[in-house]
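Accompanying notes for the structure given below.
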Protein chains: 2
Amino acid sequence: MSGTLYGISLGPGDPDLITRRAARLVAAAPVVAYPALPGEESFARAIAADLIAPGTREIRMEIPMTTERAPAQAAYDANAALIAAELEAGRDVAILCEGDALFYGSFMYLHARLSGRFACEIVPGVTSITACAAAAGLPLAARNERVTILPGPLPERELRNRIEGAESVAIMKVGRHMGKIRKVFDDLGLLERAVYVERASLPEERVLPLAQAPVPAPYFSMILLVKGGDPWL
Amino acid sequence: MSGTLYGISLGPGDPDLITRRAARLVAAAPVVAYPALPGEESFARAIAADLIAPGTREIRMEIPMTTERAPAQAAYDANAALIAAELEAGRDVAILCEGDALFYGSFMYLHARLSGRFACEIVPGVTSITACAAAAGLPLAARNERVTILPGPLPERELRNRIEGAESVAIMKVGRHMGKIRKVFDDLGLLERAVYVERASLPEERVLPLAQAPVPAPYFSMILLVKGGDPWL
């Protein structure tokens with residue numbers, strides 16, 4: 001009998017924000033697989049490090065970051081084949097995922113390649129969005145408010161239009177796009193109302209007014225804007 | 001010395017989706033408080049039931065559901081006063097929250113009333129959105145895709161405009177608004193592409209094509225639509 005493919009969401013970084021289910025599944029997994037940039041430590045593996053039992057088989061999935069798609073596709077094909085071999089041998093495989101597995105994660109590329117052939121279970125996790133809201137003490141949405149989640153790499157014009165028409169806004173993947181994003185908030189007169197959160201839930205976590213945020217920002221950073229809201233009800 | 005106010009996110013319903021941090025804080029709390037509708041069991045308390053130690057003080061916060069604001073405001077004022085008395089006596093108070101404390105939750109109304117006077121820590125949790133995506137095996141967002149979160153009670157015209165201009169969409173609080181929402185998806189030619197998820201993460205969880213969803217739907221239900229996405233990369 002084949003093993004089960006688990007997509008394990010590990011949350012934003014603090015190992016304490018791993019769910020009980022994810023913790024148990026990682027600890028019991030005979031095989032874990034996780035993404036990593038070439039030459040770098042895997043953040044997903046680092047979050048779960050205290051849970052990985054000695055003797056667990058590890059598949060480090062190096063995914064090249066290129067503008068072309070073909071090299072990344074080839075890397076996912078090759079890693080999916082390695083994982084399929086473990087599943088065919090009857091071993092469960094836990095894919096370790098930063099944040100939530102289906103929210104801007106790379107797990108979906110393995111899921112698309114493997115879920116048709118093998119049993120698959122996905123364990124949802126804490127996203128960086130609610131971790132940043134908790135760090136800032138900022139209610140993201142109340143009652144009938146809308147929430148818009150925008151990736152920072154979007155073109156300036158699109159960011160401007162989307163932020164202008166939004167209520168609550170979370171901007172992901174800020175990093176080197178910070179200069180452009182700050183300009184948009186400034187143009188819209190919203191610079192003073194937005195909050196910048198860096199490395200939410202990690203020991204180095206910082207919360208700053210957007211006007212004081214570093215340019216460029218580190219990769220693990222986010223901007224939150226809550227326009228509406230009456231936290232007093 | 002005063003106690004600390006904890007906003008404890010408990011996730012979408014499966015007690016196994018409580019984070020390790022939330023589990024530990026609830027188990028250690030001398031006082032827990034949770035919202036409840038008059039005459040009904042508290043869902044937040046039910047999620048955390050196995051963690052509440054014998055002898056823990058419990059504050060059941062009954063919040064009237066009325067169209068007027070005053071009765072709910074008075075209820076939050078009264079419960080905030082009860083909680084403040086515990087904090088002033090040096091006891092930590094854990095507020096139990098369904099889903100995430102700052103994402104369409106009532107915790108913000110206590111936070112607004114108490115966080116200026118007492119130390120406060122918020123523990124983020126798994127939202128129903130990623131729980132529904134996991135149940136449906138549906139990648140919510142990849143790369144530079146936008147995600148729009150809309151409450152079902154919005155007017156039909158606004159829902160239509162927002163869904164039309166969106167990429168990934170999650171519709172919260174579907175319940176009795178299902179008929180209106182289905183009509184909008186149908187009008188936009190998106191009925192076949194949307195997925196309905198009921199009671200995500202609970203034993204009664206169901207995933208259906210939106211076209212087969214019940215009208216009206218139960219309170220704990222959601223609609224997901226993923227327009228973009230290339231899960232193969």
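To be explicit about the labels: the chains of the structure tokens are called A, B, and onward in the order shown, and within each one the residues are counted from 1, while ligands get numbers from 1 in the order they are shown.
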Contacts from chain B to chain A, 6 Å maximum, only C-alpha atoms: show me the residue list as a PyMOL selection string. chain B and resi 16-21+102-104+108-109+112+122+124-126+130-131+134+139-142+144+146-151+231-232
Please save N, CA and C atoms of the selected residues as a compact mmCIF listing (two decimals), in the first residue's frame.
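Here's the written file part.txt:
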```txt
# COMPACT_ATOMS: atom_id res chain seq x y z
N ASP B 16 -7.36 19.90 17.04
CA ASP B 16 -6.02 19.55 16.61
C ASP B 16 -5.35 20.67 15.81
N LEU B 17 -6.14 21.66 15.39
CA LEU B 17 -5.58 22.80 14.65
C LEU B 17 -5.28 23.98 15.57
N ILE B 18 -5.37 23.76 16.87
CA ILE B 18 -4.89 24.75 17.83
C ILE B 18 -3.36 24.73 17.80
N THR B 19 -2.75 25.90 17.88
CA THR B 19 -1.29 25.94 17.89
C THR B 19 -0.75 25.49 19.25
N ARG B 20 0.51 25.09 19.26
CA ARG B 20 1.12 24.66 20.51
C ARG B 20 1.09 25.79 21.55
N ARG B 21 1.34 27.01 21.08
CA ARG B 21 1.34 28.16 22.02
C ARG B 21 -0.04 28.40 22.62
N LEU B 102 -8.16 38.38 15.32
CA LEU B 102 -8.27 39.70 14.70
C LEU B 102 -8.89 39.65 13.31
N PHE B 103 -9.47 38.52 12.96
CA PHE B 103 -10.04 38.31 11.63
C PHE B 103 -11.53 38.02 11.80
N TYR B 104 -12.35 39.06 11.68
CA TYR B 104 -13.80 38.95 11.86
C TYR B 104 -14.17 38.39 13.23
N MET B 108 -11.57 42.01 19.19
CA MET B 108 -11.14 43.40 19.03
C MET B 108 -11.91 44.36 19.94
N TYR B 109 -13.15 44.01 20.27
CA TYR B 109 -13.95 44.91 21.11
C TYR B 109 -13.47 44.88 22.56
N ALA B 112 -9.90 46.76 22.41
CA ALA B 112 -10.04 48.22 22.40
C ALA B 112 -10.31 48.74 23.81
N ILE B 122 -1.42 38.71 21.74
CA ILE B 122 -2.38 38.06 20.84
C ILE B 122 -1.67 36.90 20.15
N PRO B 124 -1.86 34.44 17.09
CA PRO B 124 -2.60 34.23 15.84
C PRO B 124 -2.97 32.77 15.65
N GLY B 125 -3.95 32.54 14.79
CA GLY B 125 -4.42 31.17 14.58
C GLY B 125 -4.75 30.88 13.13
N VAL B 126 -5.16 29.66 12.89
CA VAL B 126 -5.56 29.22 11.56
C VAL B 126 -6.94 29.81 11.25
N THR B 130 -7.92 29.35 5.14
CA THR B 130 -6.94 28.33 4.74
C THR B 130 -7.45 26.94 5.11
N ALA B 131 -8.30 26.84 6.12
CA ALA B 131 -8.90 25.53 6.43
C ALA B 131 -9.79 25.07 5.28
N ALA B 134 -7.60 24.01 2.34
CA ALA B 134 -7.03 22.68 2.59
C ALA B 134 -8.07 21.60 2.35
N PRO B 139 -5.30 25.65 -4.28
CA PRO B 139 -4.31 26.70 -3.97
C PRO B 139 -4.95 28.08 -4.05
N LEU B 140 -4.93 28.79 -2.93
CA LEU B 140 -5.60 30.10 -2.88
C LEU B 140 -4.89 31.14 -3.72
N ALA B 141 -3.57 31.15 -3.64
CA ALA B 141 -2.82 32.19 -4.34
C ALA B 141 -1.42 31.71 -4.62
N ALA B 142 -0.97 32.02 -5.81
CA ALA B 142 0.41 31.72 -6.22
C ALA B 142 1.05 33.01 -6.72
N ASN B 144 2.14 36.24 -8.01
CA ASN B 144 1.65 37.61 -7.82
C ASN B 144 0.15 37.74 -7.91
N ARG B 146 -3.70 38.16 -6.58
CA ARG B 146 -4.41 38.88 -5.53
C ARG B 146 -5.46 37.98 -4.89
N VAL B 147 -5.73 38.22 -3.63
CA VAL B 147 -6.80 37.49 -2.94
C VAL B 147 -7.78 38.51 -2.37
N THR B 148 -9.05 38.30 -2.61
CA THR B 148 -10.08 39.20 -2.12
C THR B 148 -11.00 38.44 -1.17
N ILE B 149 -11.17 38.96 0.02
CA ILE B 149 -12.04 38.33 1.02
C ILE B 149 -13.27 39.21 1.19
N LEU B 150 -14.42 38.61 0.92
CA LEU B 150 -15.68 39.37 0.93
C LEU B 150 -16.67 38.73 1.89
N PRO B 151 -17.34 39.53 2.70
CA PRO B 151 -18.42 38.99 3.54
C PRO B 151 -19.71 38.84 2.72
N PRO B 231 -1.14 25.52 -11.18
CA PRO B 231 -0.54 24.75 -10.09
C PRO B 231 0.65 23.90 -10.56
N TRP B 232 0.86 23.82 -11.90
CA TRP B 232 2.03 23.09 -12.39
C TRP B 232 3.23 24.01 -12.48
```
Mind checking which residues fall within 12 Å of Glu204 in chain A, counting only C-alpha atoms, ignoring those fewer than 2 positions away in the same chain, and posting them as a list in words?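 My reading of the contact set: Gly13, Asp14, Ala135, Val197, Glu198, Arg199, Ala200, Ser201, Leu202, Arg206, Val207, Pro218, Phe220 and Ser221 of chain A.
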Same residues, C-alpha atoms, saved as a PDB file, in the first residue's frame:
```pdb
ATOM      1  CA  GLY A  13       8.208  31.100  11.836  1.00  0.00           C
ATOM      2  CA  ASP A  14       7.784  30.666  15.582  1.00  0.00           C
ATOM      3  CA  ALA A 135       2.146  41.614  16.205  1.00  0.00           C
ATOM      4  CA  VAL A 197       5.773  44.387  10.240  1.00  0.00           C
ATOM      5  CA  GLU A 198       9.092  42.610   9.835  1.00  0.00           C
ATOM      6  CA  ARG A 199       9.728  38.924  10.631  1.00  0.00           C
ATOM      7  CA  ALA A 200       6.432  38.448  12.473  1.00  0.00           C
ATOM      8  CA  SER A 201       6.572  35.893  15.300  1.00  0.00           C
ATOM      9  CA  LEU A 202      10.378  35.564  15.164  1.00  0.00           C
ATOM     10  CA  ARG A 206       9.667  44.632  14.458  1.00  0.00           C
ATOM     11  CA  VAL A 207       6.530  46.740  14.084  1.00  0.00           C
ATOM     12  CA  PRO A 218      13.814  42.324   4.201  1.00  0.00           C
ATOM     13  CA  PHE A 220       9.927  38.527   5.435  1.00  0.00           C
ATOM     14  CA  SER A 221       8.007  41.751   5.812  1.00  0.00           C
TER      15      SER A 221
END
```
Can you list, as a list in words, every protein, DNA or RNA residue that comes within 7 Å of Pro30 in chain A when you count only C-alpha atoms, leaving out same-chain residues fewer than 3 positions away? Thr56, Arg57, Arg91, Asp92 and Val93 of chain A
Rotate and translate chain B onto chain A via least squares on all in-order Cα pairs, then write the result as an mmCIF file with C-alpha atoms, in the first residue's frame.
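Full text of superposed32.cif as output:
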```cif
data_model
loop_
_atom_site.group_PDB
_atom_site.id
_atom_site.type_symbol
_atom_site.label_atom_id
_atom_site.label_comp_id
_atom_site.auth_asym_id
_atom_site.auth_seq_id
_atom_site.Cartn_x
_atom_site.Cartn_y
_atom_site.Cartn_z
ATOM 1 C CA MET B 1 -0.022 0.008 0.010
ATOM 2 C CA SER B 2 1.263 3.458 -0.917
ATOM 3 C CA GLY B 3 2.101 6.127 1.639
ATOM 4 C CA THR B 4 0.193 9.364 2.123
ATOM 5 C CA LEU B 5 1.408 12.756 0.964
ATOM 6 C CA TYR B 6 1.014 15.374 3.708
ATOM 7 C CA GLY B 7 1.166 19.095 3.035
ATOM 8 C CA ILE B 8 2.147 20.419 6.432
ATOM 9 C CA SER B 9 1.704 24.140 7.086
ATOM 10 C CA LEU B 10 4.146 25.276 9.760
ATOM 11 C CA GLY B 11 3.047 28.874 10.282
ATOM 12 C CA PRO B 12 5.002 32.125 10.082
ATOM 13 C CA GLY B 13 8.211 31.088 11.839
ATOM 14 C CA ASP B 14 7.778 30.672 15.591
ATOM 15 C CA PRO B 15 7.823 26.881 16.146
ATOM 16 C CA ASP B 16 5.279 27.498 18.897
ATOM 17 C CA LEU B 17 2.761 28.533 16.213
ATOM 18 C CA ILE B 18 2.808 25.066 14.672
ATOM 19 C CA THR B 19 -0.541 23.364 15.174
ATOM 20 C CA ARG B 20 -0.817 20.243 17.301
ATOM 21 C CA ARG B 21 -1.751 18.215 14.215
ATOM 22 C CA ALA B 22 1.207 19.446 12.176
ATOM 23 C CA ALA B 23 3.583 18.799 15.077
ATOM 24 C CA ARG B 24 2.363 15.228 15.474
ATOM 25 C CA LEU B 25 2.500 14.455 11.751
ATOM 26 C CA VAL B 26 6.028 15.824 11.335
ATOM 27 C CA ALA B 27 7.262 13.899 14.372
ATOM 28 C CA ALA B 28 5.788 10.664 13.001
ATOM 29 C CA ALA B 29 6.835 11.099 9.362
ATOM 30 C CA PRO B 30 9.378 8.608 8.041
ATOM 31 C CA VAL B 31 10.252 11.085 5.261
ATOM 32 C CA VAL B 32 10.194 14.875 5.210
ATOM 33 C CA ALA B 33 10.738 17.095 2.171
ATOM 34 C CA TYR B 34 11.220 20.857 2.154
ATOM 35 C CA PRO B 35 12.065 23.638 -0.296
ATOM 36 C CA ALA B 36 15.376 25.467 -0.132
ATOM 37 C CA LEU B 37 17.188 28.049 -2.170
ATOM 38 C CA PRO B 38 20.524 26.826 -3.502
ATOM 39 C CA GLY B 39 23.186 27.282 -0.839
ATOM 40 C CA GLU B 40 20.776 28.457 1.857
ATOM 41 C CA GLU B 41 19.207 26.920 4.919
ATOM 42 C CA SER B 42 15.590 25.888 4.423
ATOM 43 C CA PHE B 43 13.311 28.163 6.448
ATOM 44 C CA ALA B 44 10.559 25.521 6.488
ATOM 45 C CA ARG B 45 12.962 22.946 7.899
ATOM 46 C CA ALA B 46 14.237 25.438 10.492
ATOM 47 C CA ILE B 47 10.701 26.030 11.808
ATOM 48 C CA ALA B 48 10.118 22.299 12.307
ATOM 49 C CA ALA B 49 13.682 21.360 13.311
ATOM 50 C CA ASP B 50 12.799 20.322 16.889
ATOM 51 C CA LEU B 51 10.171 17.894 15.583
ATOM 52 C CA ILE B 52 12.181 15.907 13.042
ATOM 53 C CA ALA B 53 13.087 12.587 14.620
ATOM 54 C CA PRO B 54 16.624 11.177 14.292
ATOM 55 C CA GLY B 55 16.815 8.829 11.324
ATOM 56 C CA THR B 56 14.076 10.596 9.352
ATOM 57 C CA ARG B 57 14.799 10.587 5.619
ATOM 58 C CA GLU B 58 15.118 14.118 4.295
ATOM 59 C CA ILE B 59 14.547 15.378 0.776
ATOM 60 C CA ARG B 60 15.924 18.870 0.304
ATOM 61 C CA MET B 61 14.197 20.354 -2.726
ATOM 62 C CA GLU B 62 16.420 22.981 -4.299
ATOM 63 C CA ILE B 63 14.316 25.183 -6.528
ATOM 64 C CA PRO B 64 16.227 27.604 -8.748
ATOM 65 C CA MET B 65 14.916 31.193 -8.683
ATOM 66 C CA THR B 66 15.044 32.207 -12.315
ATOM 67 C CA THR B 67 12.805 34.298 -14.510
ATOM 68 C CA GLU B 68 12.424 31.354 -16.879
ATOM 69 C CA ARG B 69 10.000 28.676 -15.784
ATOM 70 C CA ALA B 70 11.727 25.635 -17.205
ATOM 71 C CA PRO B 71 14.462 25.195 -14.549
ATOM 72 C CA ALA B 72 11.946 25.393 -11.665
ATOM 73 C CA GLN B 73 9.559 23.045 -13.479
ATOM 74 C CA ALA B 74 12.360 20.541 -13.976
ATOM 75 C CA ALA B 75 13.259 20.799 -10.279
ATOM 76 C CA TYR B 76 9.648 20.151 -9.232
ATOM 77 C CA ASP B 77 9.434 17.218 -11.655
ATOM 78 C CA ALA B 78 12.612 15.683 -10.257
ATOM 79 C CA ASN B 79 11.596 16.168 -6.617
ATOM 80 C CA ALA B 80 8.090 14.876 -7.276
ATOM 81 C CA ALA B 81 9.687 11.724 -8.697
ATOM 82 C CA LEU B 82 11.804 11.275 -5.543
ATOM 83 C CA ILE B 83 8.739 11.752 -3.352
ATOM 84 C CA ALA B 84 6.668 9.385 -5.502
ATOM 85 C CA ALA B 85 9.305 6.682 -5.017
ATOM 86 C CA GLU B 86 8.978 7.023 -1.222
ATOM 87 C CA LEU B 87 5.179 6.937 -1.407
ATOM 88 C CA GLU B 88 5.247 3.882 -3.684
ATOM 89 C CA ALA B 89 7.494 2.149 -1.140
ATOM 90 C CA GLY B 90 4.704 2.668 1.409
ATOM 91 C CA ARG B 91 6.289 5.530 3.300
ATOM 92 C CA ASP B 92 4.319 8.677 4.210
ATOM 93 C CA VAL B 93 5.993 11.903 3.124
ATOM 94 C CA ALA B 94 5.481 15.181 4.994
ATOM 95 C CA ILE B 95 6.127 18.270 2.873
ATOM 96 C CA LEU B 96 7.198 21.072 5.211
ATOM 97 C CA CYS B 97 5.706 24.440 4.240
ATOM 98 C CA GLU B 98 6.301 27.929 5.594
ATOM 99 C CA GLY B 99 3.087 29.761 6.488
ATOM 100 C CA ASP B 100 0.142 27.978 4.910
ATOM 101 C CA ALA B 101 0.704 25.306 2.252
ATOM 102 C CA LEU B 102 -1.881 26.739 -0.156
ATOM 103 C CA PHE B 103 -1.232 30.448 0.405
ATOM 104 C CA TYR B 104 1.632 31.654 -1.818
ATOM 105 C CA GLY B 105 3.461 28.401 -1.209
ATOM 106 C CA SER B 106 5.322 25.998 -3.448
ATOM 107 C CA PHE B 107 3.431 22.956 -2.130
ATOM 108 C CA MET B 108 0.826 23.380 -4.856
ATOM 109 C CA TYR B 109 3.386 22.400 -7.502
ATOM 110 C CA LEU B 110 3.953 19.055 -5.780
ATOM 111 C CA HIS B 111 0.247 18.643 -5.102
ATOM 112 C CA ALA B 112 -0.532 19.095 -8.801
ATOM 113 C CA ARG B 113 2.041 16.463 -9.714
ATOM 114 C CA LEU B 114 1.218 13.859 -7.045
ATOM 115 C CA SER B 115 -2.316 14.188 -5.656
ATOM 116 C CA GLY B 116 -3.885 12.318 -8.559
ATOM 117 C CA ARG B 117 -1.836 9.191 -7.812
ATOM 118 C CA PHE B 118 -1.523 9.192 -4.024
ATOM 119 C CA ALA B 119 -3.675 9.865 -0.981
ATOM 120 C CA CYS B 120 -3.084 13.448 0.086
ATOM 121 C CA GLU B 121 -3.924 15.429 3.198
ATOM 122 C CA ILE B 122 -3.274 19.115 3.719
ATOM 123 C CA VAL B 123 -2.944 20.605 7.199
ATOM 124 C CA PRO B 124 -3.730 24.338 7.203
ATOM 125 C CA GLY B 125 -1.578 26.725 9.197
ATOM 126 C CA VAL B 126 -1.202 30.230 10.536
ATOM 127 C CA THR B 127 -0.451 32.677 7.725
ATOM 128 C CA SER B 128 1.933 35.614 7.995
ATOM 129 C CA ILE B 129 -1.086 37.893 7.625
ATOM 130 C CA THR B 130 -2.705 37.064 10.929
ATOM 131 C CA ALA B 131 0.738 36.812 12.549
ATOM 132 C CA CYS B 132 1.446 40.397 11.431
ATOM 133 C CA ALA B 133 -1.962 41.576 12.623
ATOM 134 C CA ALA B 134 -1.298 39.984 16.030
ATOM 135 C CA ALA B 135 2.139 41.608 16.219
ATOM 136 C CA ALA B 136 0.645 45.012 15.399
ATOM 137 C CA GLY B 137 -2.479 44.516 17.551
ATOM 138 C CA LEU B 138 -4.507 45.562 14.525
ATOM 139 C CA PRO B 139 -7.965 44.113 13.786
ATOM 140 C CA LEU B 140 -7.829 43.080 10.139
ATOM 141 C CA ALA B 141 -11.542 42.919 9.510
ATOM 142 C CA ALA B 142 -14.772 43.383 11.390
ATOM 143 C CA ARG B 143 -18.377 42.771 10.441
ATOM 144 C CA ASN B 144 -18.849 43.323 6.685
ATOM 145 C CA GLU B 145 -15.435 44.710 5.853
ATOM 146 C CA ARG B 146 -13.490 43.503 2.837
ATOM 147 C CA VAL B 147 -9.873 42.376 2.972
ATOM 148 C CA THR B 148 -7.564 42.675 -0.027
ATOM 149 C CA ILE B 149 -4.276 40.794 -0.186
ATOM 150 C CA LEU B 150 -1.807 42.173 -2.701
ATOM 151 C CA PRO B 151 1.691 40.994 -3.636
ATOM 152 C CA GLY B 152 4.255 43.786 -3.588
ATOM 153 C CA PRO B 153 5.678 42.978 -7.057
ATOM 154 C CA LEU B 154 2.452 44.188 -8.750
ATOM 155 C CA PRO B 155 2.939 47.253 -10.973
ATOM 156 C CA GLU B 156 2.672 50.638 -9.248
ATOM 157 C CA ARG B 157 -0.486 51.596 -11.089
ATOM 158 C CA GLU B 158 -2.278 48.396 -10.145
ATOM 159 C CA LEU B 159 -1.205 48.673 -6.508
ATOM 160 C CA ARG B 160 -2.545 52.232 -6.439
ATOM 161 C CA ASN B 161 -5.925 51.291 -7.906
ATOM 162 C CA ARG B 162 -6.343 48.273 -5.650
ATOM 163 C CA ILE B 163 -5.334 50.040 -2.455
ATOM 164 C CA GLU B 164 -7.547 53.008 -3.248
ATOM 165 C CA GLY B 165 -10.635 50.827 -3.635
ATOM 166 C CA ALA B 166 -9.893 48.602 -0.651
ATOM 167 C CA GLU B 167 -10.848 48.562 3.005
ATOM 168 C CA SER B 168 -8.279 46.433 4.834
ATOM 169 C CA VAL B 169 -5.125 45.752 2.867
ATOM 170 C CA ALA B 170 -2.239 43.351 3.445
ATOM 171 C CA ILE B 171 0.764 43.634 1.152
ATOM 172 C CA MET B 172 2.904 40.511 0.925
ATOM 173 C CA LYS B 173 6.400 40.078 -0.503
ATOM 174 C CA VAL B 174 7.413 43.672 0.184
ATOM 175 C CA GLY B 175 11.216 43.279 0.151
ATOM 176 C CA ARG B 176 12.886 45.142 -2.675
ATOM 177 C CA HIS B 177 9.538 46.597 -3.789
ATOM 178 C CA MET B 178 9.318 48.786 -0.683
ATOM 179 C CA GLY B 179 10.302 52.029 -2.393
ATOM 180 C CA LYS B 180 7.518 51.709 -4.970
ATOM 181 C CA ILE B 181 4.939 50.647 -2.373
ATOM 182 C CA ARG B 182 5.760 53.505 0.008
ATOM 183 C CA LYS B 183 5.369 55.958 -2.848
ATOM 184 C CA VAL B 184 1.883 54.590 -3.569
ATOM 185 C CA PHE B 185 0.821 54.957 0.067
ATOM 186 C CA ASP B 186 2.290 58.450 0.165
ATOM 187 C CA ASP B 187 0.491 59.491 -3.032
ATOM 188 C CA LEU B 188 -2.791 58.210 -1.601
ATOM 189 C CA GLY B 189 -2.279 60.087 1.683
ATOM 190 C CA LEU B 190 -2.186 56.783 3.571
ATOM 191 C CA LEU B 191 1.462 56.673 4.654
ATOM 192 C CA GLU B 192 0.675 57.661 8.244
ATOM 193 C CA ARG B 193 -2.040 55.057 8.620
ATOM 194 C CA ALA B 194 -0.126 52.006 7.393
ATOM 195 C CA VAL B 195 1.915 49.677 9.581
ATOM 196 C CA TYR B 196 5.052 47.775 8.638
ATOM 197 C CA VAL B 197 5.775 44.381 10.239
ATOM 198 C CA GLU B 198 9.095 42.610 9.828
ATOM 199 C CA ARG B 199 9.727 38.924 10.647
ATOM 200 C CA ALA B 200 6.427 38.437 12.462
ATOM 201 C CA SER B 201 6.551 35.884 15.290
ATOM 202 C CA LEU B 202 10.363 35.567 15.156
ATOM 203 C CA PRO B 203 12.662 36.922 17.894
ATOM 204 C CA GLU B 204 13.723 39.767 15.539
ATOM 205 C CA GLU B 205 10.098 40.870 14.949
ATOM 206 C CA ARG B 206 9.650 44.633 14.465
ATOM 207 C CA VAL B 207 6.518 46.750 14.088
ATOM 208 C CA LEU B 208 6.951 50.274 12.711
ATOM 209 C CA PRO B 209 4.855 52.998 11.113
ATOM 210 C CA LEU B 210 5.274 52.547 7.356
ATOM 211 C CA ALA B 211 6.901 55.987 7.186
ATOM 212 C CA GLN B 212 9.797 54.630 9.277
ATOM 213 C CA ALA B 213 10.205 51.317 7.450
ATOM 214 C CA PRO B 214 13.525 50.416 5.828
ATOM 215 C CA VAL B 215 13.931 50.748 2.036
ATOM 216 C CA PRO B 216 14.427 48.108 0.727
ATOM 217 C CA ALA B 217 12.803 45.884 3.316
ATOM 218 C CA PRO B 218 13.813 42.325 4.190
ATOM 219 C CA TYR B 219 12.024 39.495 2.402
ATOM 220 C CA PHE B 220 9.930 38.532 5.431
ATOM 221 C CA SER B 221 8.015 41.760 5.831
ATOM 222 C CA MET B 222 4.477 42.981 5.278
ATOM 223 C CA ILE B 223 2.422 46.155 5.225
ATOM 224 C CA LEU B 224 -1.003 46.349 6.817
ATOM 225 C CA LEU B 225 -3.566 49.075 6.363
ATOM 226 C CA VAL B 226 -6.904 49.060 8.125
ATOM 227 C CA LYS B 227 -9.096 51.850 6.799
ATOM 228 C CA GLY B 228 -12.420 50.927 8.303
ATOM 229 C CA GLY B 229 -13.152 49.428 11.620
ATOM 230 C CA ASP B 230 -14.652 50.600 14.830
ATOM 231 C CA PRO B 231 -12.888 48.417 17.361
ATOM 232 C CA TRP B 232 -15.288 49.722 20.040
ATOM 233 C CA LEU B 233 -18.226 48.387 18.010
#
```
Step one, run DSSP on the backbone; step two, keep only residues of range 97-189 of chain B assigned to alpha helix (DSSP H); then write them as an MDAnalysis selection string. chainID B and resid 107:114 128:136 156:164 178:187
For the structure I just gave you, how does DSSP split range 1-54 of chain A - specifically, which residues are strand (DSSP E)? Reply as a compact mmCIF listing (two decimals) with N, CA and C atoms, in the first residue's frame.
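What landed in result_3.txt:
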```txt
# COMPACT_ATOMS: atom_id res chain seq x y z
N LEU A 5 0.70 11.48 1.12
CA LEU A 5 1.40 12.76 0.97
C LEU A 5 0.75 13.78 1.90
N TYR A 6 1.53 14.36 2.80
CA TYR A 6 1.01 15.38 3.71
C TYR A 6 1.59 16.75 3.35
N GLY A 7 0.72 17.71 3.18
CA GLY A 7 1.16 19.10 3.03
C GLY A 7 1.04 19.76 4.39
N ILE A 8 2.16 20.01 5.03
CA ILE A 8 2.14 20.43 6.43
C ILE A 8 2.47 21.92 6.53
N SER A 9 1.48 22.71 6.87
CA SER A 9 1.69 24.15 7.09
C SER A 9 2.32 24.35 8.46
N VAL A 31 9.55 10.26 6.26
CA VAL A 31 10.25 11.07 5.26
C VAL A 31 9.72 12.50 5.33
N VAL A 32 10.61 13.48 5.35
CA VAL A 32 10.19 14.88 5.21
C VAL A 32 10.87 15.47 3.98
N ALA A 33 10.16 16.39 3.34
CA ALA A 33 10.73 17.10 2.18
C ALA A 33 10.45 18.57 2.37
N TYR A 34 11.38 19.40 1.93
CA TYR A 34 11.21 20.85 2.16
C TYR A 34 11.94 21.63 1.07
N PRO A 35 11.40 22.81 0.72
CA PRO A 35 12.06 23.64 -0.29
C PRO A 35 13.24 24.39 0.31
N ALA A 36 14.21 24.68 -0.54
CA ALA A 36 15.37 25.46 -0.11
C ALA A 36 15.94 26.18 -1.33
```
